[in-house]
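protein-v2.txt (compact mmCIF, C-alpha atoms and all ligand atoms)
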```
# COMPACT_ATOMS: atom_id res chain seq x y z
CA MET A 14 -36.82 84.92 -51.03
CA ILE A 15 -35.32 81.45 -50.66
CA THR A 16 -35.50 80.20 -47.11
CA GLU A 17 -33.29 77.34 -46.07
CA LYS A 18 -35.03 74.23 -44.78
CA PRO A 19 -34.47 73.58 -41.08
CA LEU A 20 -31.40 71.75 -39.84
CA ILE A 21 -32.18 68.51 -38.02
CA LEU A 22 -29.89 66.46 -35.79
CA VAL A 23 -30.68 62.74 -35.66
CA VAL A 24 -29.27 60.90 -32.66
CA ASP A 25 -29.53 57.12 -32.72
CA ASP A 26 -27.00 54.38 -32.04
CA GLU A 27 -28.39 52.07 -34.74
CA PRO A 28 -26.69 52.93 -38.05
CA ASP A 29 -29.56 51.58 -40.20
CA ILE A 30 -32.19 53.68 -38.48
CA ARG A 31 -29.95 56.74 -38.54
CA GLU A 32 -29.36 56.46 -42.25
CA LEU A 33 -32.99 55.67 -43.03
CA ILE A 34 -34.24 58.74 -41.16
CA LYS A 35 -31.56 60.87 -42.79
CA ASP A 36 -32.57 59.72 -46.29
CA ILE A 37 -36.25 60.29 -45.68
CA LEU A 38 -35.73 63.75 -44.24
CA GLU A 39 -33.29 64.72 -46.97
CA ASP A 40 -35.85 63.65 -49.55
CA GLU A 41 -38.06 66.33 -48.01
CA ASN A 42 -35.18 68.77 -48.38
CA TYR A 43 -34.39 69.04 -44.70
CA ARG A 44 -30.75 69.45 -43.88
CA VAL A 45 -29.67 66.53 -41.70
CA VAL A 46 -26.72 65.76 -39.47
CA THR A 47 -26.41 62.51 -37.51
CA ALA A 48 -24.78 61.40 -34.29
CA GLU A 49 -24.29 57.84 -33.07
CA ASP A 50 -23.97 58.49 -29.35
CA GLY A 51 -24.31 61.10 -26.64
CA GLN A 52 -20.81 62.43 -27.00
CA GLN A 53 -21.15 63.06 -30.74
CA ALA A 54 -24.61 64.49 -30.18
CA ARG A 55 -23.28 67.03 -27.67
CA GLN A 56 -20.57 68.09 -30.10
CA GLN A 57 -22.96 68.43 -33.03
CA PHE A 58 -25.52 70.24 -30.92
CA SER A 59 -23.11 72.97 -29.88
CA GLN A 60 -21.37 73.24 -33.25
CA ILE A 61 -24.25 73.26 -35.73
CA THR A 62 -27.17 74.62 -33.65
CA PRO A 63 -29.91 72.41 -35.10
CA GLN A 64 -33.50 73.64 -34.97
CA LEU A 65 -34.84 70.20 -34.25
CA VAL A 66 -33.36 67.09 -32.64
CA LEU A 67 -34.66 63.55 -33.07
CA LEU A 68 -33.38 61.80 -30.01
CA ASP A 69 -33.31 58.10 -29.24
CA ILE A 70 -33.86 57.29 -25.56
CA TRP A 71 -31.63 54.28 -25.20
CA MET A 72 -28.00 54.77 -26.13
CA PRO A 73 -24.77 53.19 -24.94
CA ASP A 74 -23.12 56.17 -23.25
CA VAL A 75 -25.90 58.47 -22.07
CA ASP A 76 -29.68 58.21 -22.05
CA GLY A 77 -31.78 60.45 -24.25
CA ILE A 78 -33.69 61.96 -21.32
CA SER A 79 -30.48 63.30 -19.79
CA LEU A 80 -29.44 64.70 -23.17
CA LEU A 81 -32.88 66.26 -23.61
CA LYS A 82 -32.46 68.02 -20.28
CA GLU A 83 -28.97 69.24 -21.17
CA PHE A 84 -30.00 70.51 -24.61
CA LYS A 85 -33.04 72.31 -23.24
CA GLU A 86 -30.91 73.97 -20.58
CA GLN A 87 -28.47 75.14 -23.21
CA ARG A 88 -31.09 76.34 -25.66
CA ALA A 89 -34.69 76.34 -24.48
CA SER A 90 -36.01 77.16 -27.96
CA VAL A 91 -34.77 73.95 -29.59
CA THR A 92 -37.46 71.45 -30.56
CA ILE A 93 -36.79 67.88 -29.45
CA LEU A 94 -38.67 64.75 -30.49
CA MET A 95 -37.96 61.60 -28.52
CA MET A 96 -37.90 58.16 -30.15
CA SER A 97 -38.11 54.89 -28.29
CA GLY A 98 -38.93 51.25 -28.79
CA HIS A 99 -39.83 50.58 -25.19
CA GLY A 100 -41.48 53.80 -24.15
CA THR A 101 -43.55 53.72 -21.01
CA ILE A 102 -46.16 56.33 -20.16
CA GLU A 103 -43.88 57.42 -17.34
CA THR A 104 -40.96 58.10 -19.69
CA ALA A 105 -43.25 60.00 -22.03
CA VAL A 106 -44.58 62.16 -19.19
CA GLU A 107 -41.07 62.76 -17.93
CA ALA A 108 -39.89 63.71 -21.44
CA THR A 109 -42.81 66.12 -21.85
CA ARG A 110 -42.12 67.63 -18.46
CA LEU A 111 -38.54 68.29 -19.53
CA GLY A 112 -39.69 70.01 -22.69
CA ALA A 113 -39.82 67.30 -25.40
CA SER A 114 -42.37 68.23 -28.05
CA ASP A 115 -43.42 64.72 -28.97
CA PHE A 116 -42.69 61.07 -28.40
CA ILE A 117 -42.44 58.75 -31.41
CA GLU A 118 -42.65 55.03 -30.91
CA LYS A 119 -40.39 52.53 -32.63
CA PRO A 120 -40.60 50.68 -34.95
CA LEU A 121 -40.87 53.96 -36.78
CA SER A 122 -43.51 54.64 -39.32
CA MET A 123 -41.79 57.06 -41.68
CA ALA A 124 -45.06 58.79 -42.51
CA LYS A 125 -45.74 59.35 -38.82
CA LEU A 126 -42.20 60.56 -38.27
CA LEU A 127 -42.49 63.11 -41.07
CA ARG A 128 -45.83 64.32 -39.76
CA ALA A 129 -44.40 64.67 -36.25
CA VAL A 130 -41.43 66.64 -37.58
CA GLU A 131 -43.64 68.96 -39.63
CA GLN A 132 -46.03 69.47 -36.75
CA ALA A 133 -43.22 70.18 -34.31
CA LEU A 134 -41.62 72.69 -36.64
CA GLU A 135 -44.96 74.40 -37.13
CA ASN A 136 -45.40 74.64 -33.37
CA GLN A 137 -41.88 75.95 -33.06
CA ALA A 138 -42.67 78.72 -35.54
CA LYS A 139 -45.78 79.60 -33.51
CA GLN A 140 -43.83 79.56 -30.28
CA SER A 141 -41.13 81.78 -31.70
CA ALA A 142 -43.78 84.25 -32.87
CA LEU A 143 -45.07 84.06 -29.32
CA GLN A 144 -41.59 84.65 -27.93
CA HIS A 145 -41.26 87.58 -30.24
CA GLU A 146 -44.48 89.01 -28.92
CA GLN A 147 -43.14 88.32 -25.52
CA ALA A 148 -41.25 91.53 -25.77
CA ILE A 149 -43.85 92.10 -23.14
CA THR A 150 -44.05 94.69 -20.47
CA PRO A 151 -42.91 92.79 -17.39
CA VAL A 152 -45.87 91.97 -15.19
CA GLY A 153 -46.17 92.93 -11.52
CA LYS A 154 -47.45 95.71 -9.30
CA SER A 155 -45.14 95.21 -6.34
CA ALA A 156 -42.95 98.15 -5.37
CA SER A 157 -39.82 96.40 -6.66
CA ILE A 158 -41.22 95.56 -10.11
CA ASN A 159 -42.79 99.03 -10.42
CA LEU A 160 -39.43 100.56 -9.63
CA LEU A 161 -37.64 98.32 -12.12
CA ARG A 162 -40.05 99.21 -14.92
CA GLU A 163 -39.58 102.91 -14.15
CA GLN A 164 -35.79 102.52 -14.08
CA ALA A 165 -35.90 100.62 -17.37
CA GLU A 166 -37.96 103.40 -18.98
CA ARG A 167 -35.50 105.99 -17.74
CA VAL A 168 -32.30 104.26 -18.85
CA ALA A 169 -33.39 102.68 -22.15
CA GLY A 170 -32.26 104.67 -25.12
CA HIS A 171 -29.25 106.33 -23.52
CA GLY A 172 -27.01 103.80 -25.21
CA MET A 173 -24.93 103.15 -22.10
CA PRO A 174 -24.24 99.52 -21.21
CA ILE A 175 -26.81 98.12 -18.80
CA LEU A 176 -26.12 95.36 -16.29
CA LEU A 177 -28.94 93.14 -15.00
CA ILE A 178 -28.30 91.14 -11.84
CA GLY A 179 -30.79 88.53 -10.68
CA GLU A 180 -31.01 84.87 -9.76
CA GLY A 181 -31.90 82.35 -12.47
CA GLY A 182 -35.43 82.80 -13.78
CA THR A 183 -36.04 86.24 -12.26
CA GLY A 184 -36.70 87.83 -15.65
CA LYS A 185 -33.33 89.02 -16.96
CA HIS A 186 -34.24 88.04 -20.54
CA CYS A 187 -37.67 89.54 -20.09
CA PHE A 188 -36.26 92.89 -18.92
CA ALA A 189 -33.52 92.83 -21.58
CA ARG A 190 -36.17 92.51 -24.30
CA TYR A 191 -38.25 95.20 -22.66
CA LEU A 192 -35.23 97.53 -22.63
CA HIS A 193 -34.65 96.70 -26.28
CA ARG A 194 -38.22 97.58 -27.16
CA LEU A 195 -38.08 100.86 -25.28
CA GLY A 196 -34.69 101.97 -26.58
CA ASN A 197 -33.30 103.67 -29.67
CA TYR A 198 -32.25 100.36 -31.13
CA ALA A 199 -35.74 98.88 -31.12
CA ASN A 200 -35.68 98.63 -34.90
CA GLY A 201 -32.44 96.73 -34.79
CA ARG A 202 -32.22 93.08 -33.86
CA PHE A 203 -32.05 91.63 -30.38
CA ILE A 204 -29.00 89.40 -30.44
CA GLU A 205 -28.29 87.11 -27.55
CA LEU A 206 -24.74 85.89 -27.07
CA SER A 207 -23.85 83.22 -24.55
CA PRO A 208 -20.34 82.91 -23.14
CA GLU A 209 -19.94 79.75 -25.24
CA SER A 210 -20.96 81.45 -28.48
CA PHE A 211 -19.17 84.74 -27.84
CA PRO A 212 -17.29 85.68 -31.03
CA LEU A 213 -13.64 86.23 -30.26
CA ASP A 214 -13.19 88.04 -33.52
CA SER A 215 -13.56 91.79 -33.02
CA LEU A 216 -14.79 92.36 -36.58
CA LYS A 217 -17.51 89.81 -36.21
CA LEU A 218 -18.60 91.21 -32.88
CA THR A 219 -18.70 94.82 -34.02
CA SER A 220 -20.62 93.96 -37.17
CA LEU A 221 -23.11 91.91 -35.14
CA ALA A 222 -23.48 94.79 -32.75
CA GLN A 223 -23.98 97.48 -35.40
CA SER A 224 -27.28 99.26 -34.62
CA ASN A 225 -28.53 96.24 -32.72
CA CYS A 226 -29.16 95.35 -29.14
CA VAL A 227 -26.65 92.80 -27.87
CA PHE A 228 -27.54 90.80 -24.80
CA ILE A 229 -24.80 88.81 -23.08
CA ASN A 230 -26.25 86.48 -20.48
CA ASP A 231 -23.98 84.96 -17.80
CA VAL A 232 -21.38 87.61 -18.53
CA GLY A 233 -19.40 86.39 -15.49
CA LEU A 234 -18.59 83.25 -17.45
CA LEU A 235 -16.85 84.99 -20.35
CA SER A 236 -13.36 83.64 -20.90
CA ASP A 237 -10.41 85.94 -20.12
CA GLU A 238 -9.91 86.40 -23.84
CA ALA A 239 -13.55 87.40 -24.39
CA GLN A 240 -13.42 89.81 -21.45
CA SER A 241 -10.32 91.53 -22.85
CA LEU A 242 -11.91 91.82 -26.28
CA LEU A 243 -15.14 93.28 -24.92
CA SER A 244 -13.23 95.68 -22.71
CA HIS A 245 -11.08 96.80 -25.63
CA LEU A 246 -14.08 97.35 -27.92
CA LEU A 247 -15.90 99.36 -25.26
CA GLU A 248 -12.82 101.41 -24.50
CA SER A 249 -12.19 102.22 -28.16
CA GLY A 250 -15.82 103.21 -28.78
CA GLN A 251 -16.42 100.39 -31.27
CA MET A 252 -19.55 99.31 -29.43
CA ASN A 253 -21.04 102.81 -29.45
CA SER A 254 -23.51 102.00 -32.18
CA CYS A 255 -25.27 99.35 -30.13
CA GLN A 256 -27.14 98.87 -26.91
CA LEU A 257 -25.18 96.42 -24.80
CA ILE A 258 -27.06 94.62 -22.04
CA CYS A 259 -25.21 92.15 -19.84
CA ALA A 260 -26.69 89.89 -17.19
CA ASN A 261 -25.43 87.71 -14.41
CA GLU A 262 -26.95 85.66 -11.64
CA HIS A 263 -24.73 87.10 -8.93
CA SER A 264 -23.00 90.38 -8.45
CA LEU A 265 -19.63 90.23 -10.15
CA GLU A 266 -17.60 91.36 -7.14
CA ARG A 267 -17.18 87.79 -5.96
CA ALA A 268 -15.89 86.71 -9.37
CA ILE A 269 -13.40 89.60 -9.23
CA LEU A 270 -12.18 88.46 -5.80
CA HIS A 271 -11.61 84.99 -7.22
CA GLY A 272 -9.71 86.40 -10.17
CA GLU A 273 -12.40 85.23 -12.61
CA PHE A 274 -13.63 88.61 -13.80
CA ALA A 275 -11.69 91.72 -14.75
CA GLU A 276 -12.43 94.59 -12.38
CA GLY A 277 -11.94 97.15 -15.16
CA LEU A 278 -14.60 95.48 -17.30
CA LEU A 279 -17.07 95.55 -14.43
CA TYR A 280 -16.71 99.35 -14.24
CA GLN A 281 -17.30 99.59 -17.99
CA LEU A 282 -20.49 97.56 -17.65
CA ASN A 283 -22.07 98.55 -14.38
CA SER A 284 -22.76 102.28 -14.52
CA ILE A 285 -26.42 101.35 -14.93
CA THR A 286 -27.26 98.29 -12.85
CA LEU A 287 -30.76 96.93 -12.40
CA ASN A 288 -31.25 94.39 -9.62
CA LEU A 289 -34.03 91.91 -10.23
CA PRO A 290 -35.68 90.59 -7.07
CA ALA A 291 -36.12 86.89 -6.34
CA LEU A 292 -39.76 85.88 -6.68
CA ARG A 293 -39.93 85.03 -2.96
CA ASP A 294 -39.32 88.76 -2.33
CA HIS A 295 -42.33 89.89 -4.37
CA VAL A 296 -44.88 87.13 -3.83
CA GLU A 297 -47.67 89.71 -4.02
CA ASP A 298 -47.16 89.58 -7.82
CA ILE A 299 -47.88 85.85 -8.00
CA PRO A 300 -51.65 86.02 -8.67
CA GLU A 301 -51.07 88.49 -11.53
CA LEU A 302 -48.27 86.33 -12.92
CA VAL A 303 -50.48 83.24 -12.71
CA HIS A 304 -53.19 85.07 -14.57
CA PHE A 305 -50.73 86.27 -17.17
CA PHE A 306 -49.20 82.84 -17.81
CA VAL A 307 -52.56 81.04 -17.92
CA ASP A 308 -53.76 83.59 -20.43
CA LEU A 309 -50.60 83.30 -22.51
CA GLN A 310 -50.58 79.51 -22.55
CA THR A 311 -54.27 79.17 -23.35
CA THR A 312 -54.68 81.88 -25.96
CA GLN A 313 -51.37 81.57 -27.71
CA ALA A 314 -50.03 78.08 -27.11
CA GLY A 315 -53.46 76.42 -27.25
CA LEU A 316 -53.37 74.74 -23.83
CA PRO A 317 -56.74 74.15 -22.14
CA TYR A 318 -57.96 76.85 -19.76
CA ARG A 319 -58.03 75.95 -16.06
CA ARG A 320 -58.89 78.19 -13.15
CA PHE A 321 -56.50 78.41 -10.23
CA THR A 322 -58.61 78.58 -7.05
CA VAL A 323 -57.86 81.29 -4.51
CA ALA A 324 -56.51 78.64 -2.13
CA ALA A 325 -54.24 77.35 -4.90
CA GLN A 326 -52.94 80.84 -5.59
CA ASN A 327 -52.36 81.31 -1.91
CA ARG A 328 -50.34 78.10 -1.80
CA LEU A 329 -48.24 79.41 -4.68
CA ARG A 330 -47.62 82.60 -2.72
CA ASN A 331 -46.24 80.60 0.18
CA TYR A 332 -43.63 78.64 -1.71
CA PRO A 333 -39.98 79.88 -1.80
CA TRP A 334 -39.54 79.54 -5.62
CA PRO A 335 -35.84 78.71 -5.92
CA GLY A 336 -36.27 78.80 -9.70
CA ASN A 337 -38.20 82.10 -9.54
CA VAL A 338 -40.66 83.23 -12.25
CA LEU A 339 -39.39 80.57 -14.66
CA GLU A 340 -40.27 77.82 -12.19
CA LEU A 341 -43.73 79.34 -11.67
CA LYS A 342 -44.26 79.54 -15.42
CA ASN A 343 -43.21 75.89 -15.90
CA ILE A 344 -45.44 74.65 -13.11
CA ILE A 345 -48.43 76.48 -14.56
CA GLN A 346 -47.70 75.07 -17.99
CA ARG A 347 -47.39 71.57 -16.57
CA LEU A 348 -50.63 71.84 -14.61
CA LEU A 349 -52.53 73.11 -17.67
CA LEU A 350 -51.11 70.30 -19.77
CA LEU A 351 -51.29 67.32 -17.48
CA GLU A 352 -54.24 67.91 -15.15
CA GLU A 353 -57.78 67.17 -16.23
CA THR A 354 -59.97 69.22 -13.90
CA ASP A 355 -61.35 72.67 -14.74
CA ASP A 356 -60.17 73.99 -11.41
CA ILE A 357 -56.65 73.64 -10.08
CA ASP A 358 -56.76 73.32 -6.32
CA VAL A 359 -54.24 73.15 -3.48
CA GLU A 360 -53.67 69.38 -3.70
CA GLN A 361 -52.62 69.57 -7.35
CA ILE A 362 -50.30 72.47 -6.57
CA ASP A 363 -48.80 70.55 -3.66
CA ALA A 364 -48.16 67.51 -5.83
CA ALA A 365 -46.50 69.62 -8.53
CA LEU A 366 -44.38 71.51 -6.02
CA GLN A 367 -43.44 68.30 -4.26
CA GLU A 368 -42.13 66.88 -7.51
CA ASN A 369 -40.09 70.02 -8.12
CA SER A 370 -38.47 70.00 -4.75
CA THR A 371 -37.63 66.32 -4.21
CA ILE A 372 -34.11 66.91 -5.35
CA ALA A 373 -33.64 70.40 -3.98
CA ALA A 374 -34.83 69.34 -0.53
CA GLN A 375 -32.25 66.60 -0.09
CA GLU A 376 -29.68 68.51 1.85
CA ASP A 377 -29.16 66.12 4.74
CA GLY A 378 -26.15 64.58 3.00
CA LYS A 379 -27.85 61.23 2.42
CA ILE A 380 -28.75 59.57 -0.84
CA ASN A 381 -32.30 58.29 -0.94
CA PHE A 382 -31.98 54.78 -2.36
CA ASP A 383 -35.71 54.57 -3.05
CA LEU A 384 -35.41 57.09 -5.86
CA PRO A 385 -35.15 56.07 -9.52
CA LEU A 386 -31.55 56.08 -10.79
CA ARG A 387 -31.79 59.45 -12.55
CA GLU A 388 -33.04 61.32 -9.50
CA ALA A 389 -30.61 59.52 -7.20
CA ARG A 390 -27.79 60.52 -9.54
CA GLU A 391 -28.91 64.14 -9.46
CA GLN A 392 -29.04 63.96 -5.71
CA PHE A 393 -25.51 62.60 -5.59
CA GLU A 394 -24.21 65.21 -8.06
CA ARG A 395 -25.78 67.93 -5.98
CA LEU A 396 -24.20 66.69 -2.73
CA TYR A 397 -20.86 66.15 -4.46
CA LEU A 398 -20.74 69.66 -5.91
CA LEU A 399 -21.91 71.27 -2.66
CA HIS A 400 -19.07 69.43 -0.95
CA LYS A 401 -16.52 70.64 -3.50
CA LEU A 402 -17.78 74.19 -3.16
CA GLN A 403 -17.48 74.00 0.60
CA GLU A 404 -13.95 72.64 0.26
CA THR A 405 -12.96 75.57 -1.94
CA ASP A 406 -14.80 78.18 0.09
CA GLY A 407 -17.23 78.81 -2.75
CA ASN A 408 -14.54 79.32 -5.37
CA VAL A 409 -16.19 77.94 -8.51
CA GLY A 410 -12.96 77.99 -10.53
CA LYS A 411 -11.16 75.84 -7.96
CA ALA A 412 -14.17 73.57 -7.46
CA ALA A 413 -14.28 73.01 -11.23
CA LYS A 414 -10.61 72.02 -11.20
CA LEU A 415 -11.16 69.56 -8.36
CA ALA A 416 -14.17 68.08 -10.12
CA GLY A 417 -12.28 67.91 -13.43
CA MET A 418 -14.84 70.07 -15.22
CA GLU A 419 -14.85 73.26 -17.25
CA ARG A 420 -15.91 76.26 -15.17
CA THR A 421 -18.80 77.08 -17.55
CA HIS A 422 -19.94 73.46 -17.44
CA LEU A 423 -19.88 73.50 -13.65
CA TYR A 424 -21.96 76.67 -13.57
CA ARG A 425 -24.49 75.11 -15.92
CA LYS A 426 -24.57 71.96 -13.85
CA MET A 427 -25.04 73.96 -10.65
CA ARG A 428 -27.90 75.83 -12.21
CA SER A 429 -29.62 72.68 -13.40
CA LEU A 430 -29.27 71.16 -9.93
CA GLY A 431 -30.59 74.31 -8.27
CA ILE A 432 -27.36 75.07 -6.42
CA ASP A 433 -27.04 78.67 -5.44
CA ILE A 434 -23.45 79.74 -4.97
CA LYS A 435 -24.43 82.15 -2.21
CA GLN A 436 -25.98 79.36 -0.16
CA SER A 437 -23.31 76.76 -0.85
N1 LIG B 1 -42.14 90.17 -14.56
C1 LIG B 1 -42.43 89.26 -15.50
N2 LIG B 1 -43.59 89.36 -16.19
C2 LIG B 1 -43.91 88.42 -17.11
N3 LIG B 1 -43.15 87.39 -17.44
C3 LIG B 1 -41.99 87.25 -16.80
C4 LIG B 1 -41.56 88.18 -15.80
N4 LIG B 1 -40.37 87.78 -15.34
C5 LIG B 1 -40.04 86.66 -16.02
N5 LIG B 1 -41.02 86.35 -16.90
C6 LIG B 1 -41.05 85.19 -17.81
O1 LIG B 1 -40.54 84.07 -17.08
C7 LIG B 1 -39.66 83.29 -17.87
C8 LIG B 1 -38.28 83.27 -17.24
O2 LIG B 1 -37.75 84.59 -17.26
P1 LIG B 1 -36.35 84.94 -17.95
O3 LIG B 1 -35.97 83.91 -18.97
O4 LIG B 1 -36.41 86.35 -18.39
O5 LIG B 1 -35.41 84.78 -16.67
P2 LIG B 1 -33.80 84.89 -16.62
O6 LIG B 1 -33.49 85.61 -15.36
O7 LIG B 1 -33.29 85.45 -17.87
O8 LIG B 1 -33.43 83.35 -16.48
P3 LIG B 1 -31.96 82.65 -16.60
O9 LIG B 1 -31.12 83.19 -15.50
O10 LIG B 1 -32.31 81.20 -16.38
O11 LIG B 1 -31.43 82.92 -17.95
C9 LIG B 1 -39.67 83.93 -19.25
O12 LIG B 1 -40.63 83.28 -20.05
C10 LIG B 1 -40.12 85.36 -18.99
O13 LIG B 1 -40.77 85.93 -20.10
```

Here is a file; write its structure as structure tokens.
Amino acid sequence: MITEKPLILVVDDEPDIRELIKDILEDENYRVVTAEDGQQARQQFSQITPQLVLLDIWMPDVDGISLLKEFKEQRASVTILMMSGHGTIETAVEATRLGASDFIEKPLSMAKLLRAVEQALENQAKQSALQHEQAITPVGKSASINLLREQAERVAGHGMPILLIGEGGTGKHCFARYLHRLGNYANGRFIELSPESFPLDSLKLTSLAQSNCVFINDVGLLSDEAQSLLSHLLESGQMNSCQLICANEHSLERAILHGEFAEGLLYQLNSITLNLPALRDHVEDIPELVHFFVDLQTTQAGLPYRRFTVAAQNRLRNYPWPGNVLELKNIIQRLLLLEETDDIDVEQIDAALQENSTIAAQEDGKINFDLPLREAREQFERLYLLHKLQETDGNVGKAAKLAGMERTHLYRKMRSLGIDIKQS
């Protein structure tokens, strides 16, 4: 079998460096696309779905760290290597925290660059095997998670569309994969479609769906055209040979009220609805989740083992977790990676949580001028969007118009800034 070499996007504003990297990588048979600034990089990233991105930090229109954050939010599985001539330890730590796989210093040694690319792709393959295995049974012994697992076992395999509702990071992907594994279509593929990548061609969609499990996350963000197509295919039975699972962060009734979601489609999707609880509503599961993630990260991703003291676990139980299980998982990963002690105690947890909530906590309407520019900008964006949402009575469509943004972009932005529409 001939497998195609990975597709790499090289983002650098210096034409000589761009071309040099391209030549070297192409000599190794990688497929390479280049971008000279942030705008081009965004376009390429969404159009060609590269497996790996080599990203310069300093560019004229947007800095590489902001792009890294955006790309990771759009597609967590992408591997990103940062390149910089004036990298400080702080920037490297920040880049790692945001999910960069490596940090390559300029002037570039081409041998080092190639090694870093190979290594990162190898890690990516391991991680994706890990993800694959992560068709795990969702962890937790609380009444709500027990009930959800039971419901999932009962409904999987009936072939009816399933709707998952839960805040960001509550485990919608995790339950979707679990449903896939339990159901009749377990031998078929698990195909995730985002509103941006939703095929508007009915033939393409039905052939993708054939005997597979199709997961549409953020279904509330489907365009009107995509909603009509999906509704039509469901109505005409053309999606009968697949398990359709849709997910959304909020119940869709509000979107219907605002004219953003078709009521008829909701009834086609919601005969089986599973509601995923926020982590703050099942904190009793936190110690088991901590155990699970430490185990996963140490045995499968090779991070060093560290023990979370009882006091540390207790501290984790008393935090509100706006980003839910995903936030807990990231904090654990960060602590395993960046700390150096065998035991993780309360102080280390506090420091990590503090860092996570600096931006979220700023709700007094004031910008903190002591913050670095990036954080201050996030703080401003957050206040600005909250203001727009208040002005429009929580109508995201109208707020997007006022802010001059696409509705899907606004949703993504809100998510990255930790804005919950219900609280805004
Ligand atoms: N009950 C659970 N047991 C084990 N792992 C979990 C559980 N819930 C979530 N996770 C893990 O936490 C991470 C975040 O969960 P997931 O991606 O499923 O959330 P999500 O609701 O789909 O997030 P988003 O709304 O941001 O798309 C994943 O790695 C997932 O495997």

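Relative to atom CA of Glu391 of chain A, atom CA of Val24 of chain A is found at 23.4 Å.
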
Using all atoms listed in the file, which protein or nucleic acid residues come within 12 Å of Glu180 of chain A? Drop anything in the same chain fewer than 2 positions from it, and give the result as a PDB file with C-alpha atoms, in the frame of the given file.
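Below is the file selection_15.pdb, written as the result:
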```
ATOM      1  CA  LEU A 177     -28.940  93.140 -15.000  1.00  0.00           C
ATOM      2  CA  ILE A 178     -28.300  91.140 -11.840  1.00  0.00           C
ATOM      3  CA  GLY A 182     -35.430  82.800 -13.780  1.00  0.00           C
ATOM      4  CA  THR A 183     -36.040  86.240 -12.260  1.00  0.00           C
ATOM      5  CA  GLY A 184     -36.700  87.830 -15.650  1.00  0.00           C
ATOM      6  CA  LYS A 185     -33.330  89.020 -16.960  1.00  0.00           C
ATOM      7  CA  HIS A 186     -34.240  88.040 -20.540  1.00  0.00           C
ATOM      8  CA  ASN A 230     -26.250  86.480 -20.480  1.00  0.00           C
ATOM      9  CA  ASP A 231     -23.980  84.960 -17.800  1.00  0.00           C
ATOM     10  CA  ALA A 260     -26.690  89.890 -17.190  1.00  0.00           C
ATOM     11  CA  ASN A 261     -25.430  87.710 -14.410  1.00  0.00           C
ATOM     12  CA  GLU A 262     -26.950  85.660 -11.640  1.00  0.00           C
ATOM     13  CA  HIS A 263     -24.730  87.100  -8.930  1.00  0.00           C
ATOM     14  CA  SER A 264     -23.000  90.380  -8.450  1.00  0.00           C
ATOM     15  CA  ASN A 288     -31.250  94.390  -9.620  1.00  0.00           C
ATOM     16  CA  LEU A 289     -34.030  91.910 -10.230  1.00  0.00           C
ATOM     17  CA  PRO A 290     -35.680  90.590  -7.070  1.00  0.00           C
ATOM     18  CA  ALA A 291     -36.120  86.890  -6.340  1.00  0.00           C
ATOM     19  CA  LEU A 292     -39.760  85.880  -6.680  1.00  0.00           C
ATOM     20  CA  ARG A 293     -39.930  85.030  -2.960  1.00  0.00           C
ATOM     21  CA  ASP A 294     -39.320  88.760  -2.330  1.00  0.00           C
ATOM     22  CA  TRP A 334     -39.540  79.540  -5.620  1.00  0.00           C
ATOM     23  CA  PRO A 335     -35.840  78.710  -5.920  1.00  0.00           C
ATOM     24  CA  GLY A 336     -36.270  78.800  -9.700  1.00  0.00           C
ATOM     25  CA  ASN A 337     -38.200  82.100  -9.540  1.00  0.00           C
ATOM     26  CA  VAL A 338     -40.660  83.230 -12.250  1.00  0.00           C
ATOM     27  CA  LEU A 339     -39.390  80.570 -14.660  1.00  0.00           C
ATOM     28  CA  GLU A 340     -40.270  77.820 -12.190  1.00  0.00           C
ATOM     29  CA  ARG A 428     -27.900  75.830 -12.210  1.00  0.00           C
ATOM     30  CA  GLY A 431     -30.590  74.310  -8.270  1.00  0.00           C
ATOM     31  CA  ILE A 432     -27.360  75.070  -6.420  1.00  0.00           C
ATOM     32  CA  ASP A 433     -27.040  78.670  -5.440  1.00  0.00           C
ATOM     33  CA  ILE A 434     -23.450  79.740  -4.970  1.00  0.00           C
ATOM     34  CA  LYS A 435     -24.430  82.150  -2.210  1.00  0.00           C
TER      35      LYS A 435
END
```

Shortest interatomic distance to Gly201 of chain A - which of A:Asn225, A:Leu396, A:Ile117, A:Asp40, counting all atoms listed in the file: A:Asn225

Expressed in Å to a single decimal, how great is the separation between atom CA of Glu163 of chain A and atom CA of Glu297 of chain A?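 Between atom CA of Glu163 of chain A and atom CA of Glu297 of chain A the gap works out to 18.5 Å.
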
Mind giving me the straight-line distance from atom CA of Cys255 of chain A to atom CA of Ala222 of chain A in Å, one decimal?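 If I compute the distance from atom CA of Cys255 of chain A to atom CA of Ala222 of chain A, I get 5.6 Å.
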
Just the residues within 9 Å of Glu205 of chain A, please, counting only C-alpha atoms, with nothing from its chain fewer than 2 positions along; format it as a ChimeraX atom specification. /A:203,207,226-230

Would you save the residues from that selection as a short mmCIF file (atom, residue, chain, number, x, y, z; two decimals), in the frame of the given file, using C-alpha atoms?
```
data_model
loop_
_atom_site.label_atom_id
_atom_site.label_comp_id
_atom_site.auth_asym_id
_atom_site.auth_seq_id
_atom_site.Cartn_x
_atom_site.Cartn_y
_atom_site.Cartn_z
CA PHE A 203 -32.05 91.63 -30.38
CA SER A 207 -23.85 83.22 -24.55
CA CYS A 226 -29.16 95.35 -29.14
CA VAL A 227 -26.65 92.80 -27.87
CA PHE A 228 -27.54 90.80 -24.80
CA ILE A 229 -24.80 88.81 -23.08
CA ASN A 230 -26.25 86.48 -20.48
#
```

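The list of residues with at least one atom within 7 Å of Pro63 of chain A, based on all atoms listed in the file and without residues fewer than 4 positions apart in the same chain, reads Leu20, Ile21, Leu22 and Phe58 of chain A.
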